[in-house]
Amino acid sequence: NEFDLGLFIYIVKRSLIWIAMCLLLSFGAAYLYLRYTAPTYASNVVLQLGQTNNAQAVLKMNTIVEDNSLQADVQLLSSKFLIAKAVAKLPLTVRYFFRGQILTEEYYKQSFFRVNDLHILDASIQGRPISIELSDDGTLRIEYSIGQENFTLPVVLGRPFSTPHFSAIINTLGSRPWPKGQERGTLYFTLNSPTALTDQYVSQLTVSIADPDAKTVAIGCKDNNPMLAKDLCQAM
């Protein structure tokens, strides 16, 4: 039962190729994950609550909720009612995206075009991607699908247009011409309902007690867009 150093070295040499392959596969998998997975950003704010806080004032719960404990405040702040009010403060009725070959990036407050004077004519359009691209003749074209039906419509910058599901005006910032070089991906936007936005961000927001003695509450938000995560925390 003595340790045989020569045998050990022989076994290690025979296994080197498998060890190297395992290491290469591990590093390759890690690289692919980091390269082709959208990063997630976290933002946090700390609120100090007094005897009378905004959450209770908004819900008019001063006479009902006599227990002014931090746990009650946490429940109020994490309610859908208050999250919906926070979401309503942000420009999320229309969201802008750029879909590359692998990753999709949200252009929150960074889109070079805006959808203005929006009127929803059919709620089935909400949440569906509406692609927009520059045609060969220099005009814009929007495309989207509902069920098995496809819709395509030419659009002129700065002029009203209407589809069976919504009407709007598309403008570029500063009335600039539509930029070129967008062929590497797809620009699209979505029209969103307050209920759907609230349901999405309920799962991305966390509310917890930070320091019971100081009566502070920590609010955190995770999102693929760092600016959106920060704004949503601050809107709470």
# chains A, B, ... in the order shown; residues from 1 in each chain; ligands from 1
>>> residues_around(residues="segment 89-102 of chain A", least_positions_apart="2", cutoff="10 Å", atoms="only C-alpha atoms", output="ChimeraX atom specification")
/A:35-38,84-87,104-116,118,126-127,129-131,182-194,197,228,231-232,235-236
>>> select_by_dssp(residues="segment 66-211 of chain A", states="strand (DSSP E)", output="JSON, numbers by chain")
{"A": [94, 95, 96, 97, 98, 99, 104, 105, 106, 113, 114, 115, 116, 117, 118, 119, 120, 130, 131, 132, 133, 134, 140, 141, 142, 143, 144, 145, 146, 149, 150, 151, 152, 153, 154, 155, 160, 161, 162, 166, 167, 168, 169, 170, 171, 172, 186, 187, 188, 189, 190, 191, 205, 206, 207, 208, 209, 210, 211]}
>>> atom_distance(atom1="atom CA of Thr216 of chain A", atom2="atom CA of Asp199 of chain A")
25.6 Å
>>> select_by_dssp(residues="segment 180-230 of chain A", states="helix (DSSP H, G or I)", output="number ranges by chain")
A: 194-202, 226-230
>>> write_last_selection(atoms="all heavy atoms", output="JSON list (two decimals), in the first residue's frame")
[["chain", "number", "residue", "atom", "x", "y", "z"],
["A", 194, "PRO", "N", -49.86, 50.09, -18.69],
["A", 194, "PRO", "CA", -49.39, 50.24, -17.31],
["A", 194, "PRO", "C", -49.44, 48.94, -16.53],
["A", 194, "PRO", "O", -48.55, 48.66, -15.71],
["A", 194, "PRO", "CB", -50.35, 51.29, -16.74],
["A", 194, "PRO", "CG", -50.85, 52.05, -17.92],
["A", 194, "PRO", "CD", -50.93, 51.05, -19.03],
["A", 195, "THR", "N", -50.45, 48.12, -16.77],
["A", 195, "THR", "CA", -50.58, 46.86, -16.03],
["A", 195, "THR", "C", -49.44, 45.91, -16.35],
["A", 195, "THR", "O", -48.84, 45.30, -15.45],
["A", 195, "THR", "CB", -51.92, 46.18, -16.37],
["A", 195, "THR", "OG1", -53.00, 47.06, -16.01],
["A", 195, "THR", "CG2", -52.08, 44.88, -15.60],
["A", 196, "ALA", "N", -49.10, 45.79, -17.64],
["A", 196, "ALA", "CA", -48.00, 44.90, -18.04],
["A", 196, "ALA", "C", -46.67, 45.39, -17.49],
["A", 196, "ALA", "O", -45.84, 44.59, -17.04],
["A", 196, "ALA", "CB", -47.95, 44.79, -19.56],
["A", 197, "LEU", "N", -46.45, 46.71, -17.51],
["A", 197, "LEU", "CA", -45.21, 47.25, -16.97],
["A", 197, "LEU", "C", -45.11, 47.00, -15.47],
["A", 197, "LEU", "O", -44.05, 46.62, -14.96],
["A", 197, "LEU", "CB", -45.13, 48.75, -17.25],
["A", 197, "LEU", "CG", -44.92, 49.17, -18.70],
["A", 197, "LEU", "CD1", -45.10, 50.68, -18.85],
["A", 197, "LEU", "CD2", -43.55, 48.75, -19.21],
["A", 198, "THR", "N", -46.21, 47.19, -14.77],
["A", 198, "THR", "CA", -46.21, 46.95, -13.32],
["A", 198, "THR", "C", -45.91, 45.49, -13.02],
["A", 198, "THR", "O", -45.10, 45.17, -12.14],
["A", 198, "THR", "CB", -47.55, 47.36, -12.72],
["A", 198, "THR", "OG1", -47.80, 48.74, -12.98],
["A", 198, "THR", "CG2", -47.56, 47.13, -11.22],
["A", 199, "ASP", "N", -46.54, 44.59, -13.74],
["A", 199, "ASP", "CA", -46.31, 43.16, -13.51],
["A", 199, "ASP", "C", -44.85, 42.78, -13.77],
["A", 199, "ASP", "O", -44.29, 41.92, -13.08],
["A", 199, "ASP", "CB", -47.22, 42.33, -14.42],
["A", 199, "ASP", "CG", -48.69, 42.42, -14.02],
["A", 199, "ASP", "OD1", -48.95, 42.80, -12.86],
["A", 199, "ASP", "OD2", -49.55, 42.12, -14.85],
["A", 200, "GLN", "N", -44.23, 43.43, -14.74],
["A", 200, "GLN", "CA", -42.83, 43.12, -15.03],
["A", 200, "GLN", "C", -41.91, 43.59, -13.91],
["A", 200, "GLN", "O", -41.04, 42.84, -13.44],
["A", 200, "GLN", "CB", -42.40, 43.78, -16.34],
["A", 200, "GLN", "CG", -40.90, 43.62, -16.63],
["A", 200, "GLN", "CD", -40.45, 44.36, -17.88],
["A", 200, "GLN", "OE1", -41.27, 44.78, -18.69],
["A", 200, "GLN", "NE2", -39.15, 44.54, -18.02],
["A", 201, "TYR", "N", -42.12, 44.82, -13.45],
["A", 201, "TYR", "CA", -41.18, 45.40, -12.49],
["A", 201, "TYR", "C", -41.45, 44.99, -11.05],
["A", 201, "TYR", "O", -40.59, 45.19, -10.19],
["A", 201, "TYR", "CB", -41.15, 46.91, -12.63],
["A", 201, "TYR", "CG", -40.49, 47.34, -13.92],
["A", 201, "TYR", "CD1", -41.21, 47.92, -14.95],
["A", 201, "TYR", "CD2", -39.13, 47.10, -14.12],
["A", 201, "TYR", "CE1", -40.60, 48.27, -16.14],
["A", 201, "TYR", "CE2", -38.52, 47.44, -15.31],
["A", 201, "TYR", "CZ", -39.26, 48.03, -16.32],
["A", 201, "TYR", "OH", -38.65, 48.36, -17.50],
["A", 202, "VAL", "N", -42.59, 44.39, -10.79],
["A", 202, "VAL", "CA", -42.83, 43.84, -9.45],
["A", 202, "VAL", "C", -41.77, 42.78, -9.13],
["A", 202, "VAL", "O", -41.28, 42.70, -7.99],
["A", 202, "VAL", "CB", -44.25, 43.24, -9.36],
["A", 202, "VAL", "CG1", -44.35, 42.26, -8.22],
["A", 202, "VAL", "CG2", -45.27, 44.35, -9.16],
["A", 226, "PRO", "N", -28.83, 50.10, -17.00],
["A", 226, "PRO", "CA", -28.49, 50.71, -15.71],
["A", 226, "PRO", "C", -29.25, 51.99, -15.41],
["A", 226, "PRO", "O", -29.61, 52.26, -14.26],
["A", 226, "PRO", "CB", -26.98, 50.97, -15.83],
["A", 226, "PRO", "CG", -26.71, 51.03, -17.30],
["A", 226, "PRO", "CD", -27.68, 50.08, -17.93],
["A", 227, "MET", "N", -29.52, 52.80, -16.43],
["A", 227, "MET", "CA", -30.23, 54.06, -16.22],
["A", 227, "MET", "C", -31.67, 53.80, -15.80],
["A", 227, "MET", "O", -32.22, 54.49, -14.93],
["A", 227, "MET", "CB", -30.19, 54.91, -17.50],
["A", 227, "MET", "CG", -30.71, 56.32, -17.31],
["A", 227, "MET", "SD", -30.70, 57.27, -18.86],
["A", 227, "MET", "CE", -28.95, 57.17, -19.29],
["A", 228, "LEU", "N", -32.28, 52.78, -16.40],
["A", 228, "LEU", "CA", -33.66, 52.45, -16.05],
["A", 228, "LEU", "C", -33.74, 51.92, -14.62],
["A", 228, "LEU", "O", -34.67, 52.25, -13.88],
["A", 228, "LEU", "CB", -34.20, 51.42, -17.04],
["A", 228, "LEU", "CG", -35.63, 50.90, -16.80],
["A", 228, "LEU", "CD1", -36.61, 52.05, -16.66],
["A", 228, "LEU", "CD2", -36.05, 49.97, -17.92],
["A", 229, "ALA", "N", -32.79, 51.08, -14.24],
["A", 229, "ALA", "CA", -32.76, 50.56, -12.87],
["A", 229, "ALA", "C", -32.65, 51.70, -11.85],
["A", 229, "ALA", "O", -33.33, 51.72, -10.83],
["A", 229, "ALA", "CB", -31.62, 49.56, -12.70],
["A", 230, "LYS", "N", -31.77, 52.67, -12.15],
["A", 230, "LYS", "CA", -31.58, 53.82, -11.25],
["A", 230, "LYS", "C", -32.84, 54.68, -11.17],
["A", 230, "LYS", "O", -33.29, 55.06, -10.08],
["A", 230, "LYS", "CB", -30.40, 54.66, -11.71],
["A", 230, "LYS", "CG", -30.16, 55.92, -10.90],
["A", 230, "LYS", "CD", -28.99, 56.71, -11.43],
["A", 230, "LYS", "CE", -29.29, 57.35, -12.78],
["A", 230, "LYS", "NZ", -30.28, 58.46, -12.65]]
>>> atom_distance(atom1="atom CA of Thr139 of chain A", atom2="atom CA of Phe166 of chain A")
19.7 Å
>>> closest_residue(among="A:Thr206, A:Ser135, A:Ser15, A:Asn225", to="Ile83 of chain A", atoms="only C-alpha atoms")
A:Thr206
>>> closest_residue(among="A:Leu23, A:Leu49, A:Ile9, A:Leu157", to="Asp73 of chain A", atoms="only C-alpha atoms")
A:Leu49
>>> closest_residue(among="A:Val46, A:Met21, A:Ile120, A:Leu76", to="Asp211 of chain A", atoms="only C-alpha atoms")
A:Val46
>>> atom_distance(atom1="atom CA of Ser124 of chain A", atom2="atom CA of Leu103 of chain A")
25.9 Å
>>> residues_around(residues="Val156 of chain A", least_positions_apart="2", cutoff="10 Å", atoms="only C-alpha atoms", output="PyMOL selection string")
chain A and resi 138-141+154+158-161+169-171
>>> closest_residue(among="A:Ala30, A:Ala72, A:Val155, A:Ile19", to="Ala168 of chain A", atoms="only C-alpha atoms")
A:Val155
>>> closest_residue(among="A:Pro164, A:Leu47, A:Leu205, A:Leu134", to="Leu121 of chain A", atoms="only C-alpha atoms")
A:Pro164
>>> closest_residue(among="A:Ala123, A:Glu133, A:Gly6, A:Ser162", to="Ile146 of chain A", atoms="only C-alpha atoms")
A:Ala123
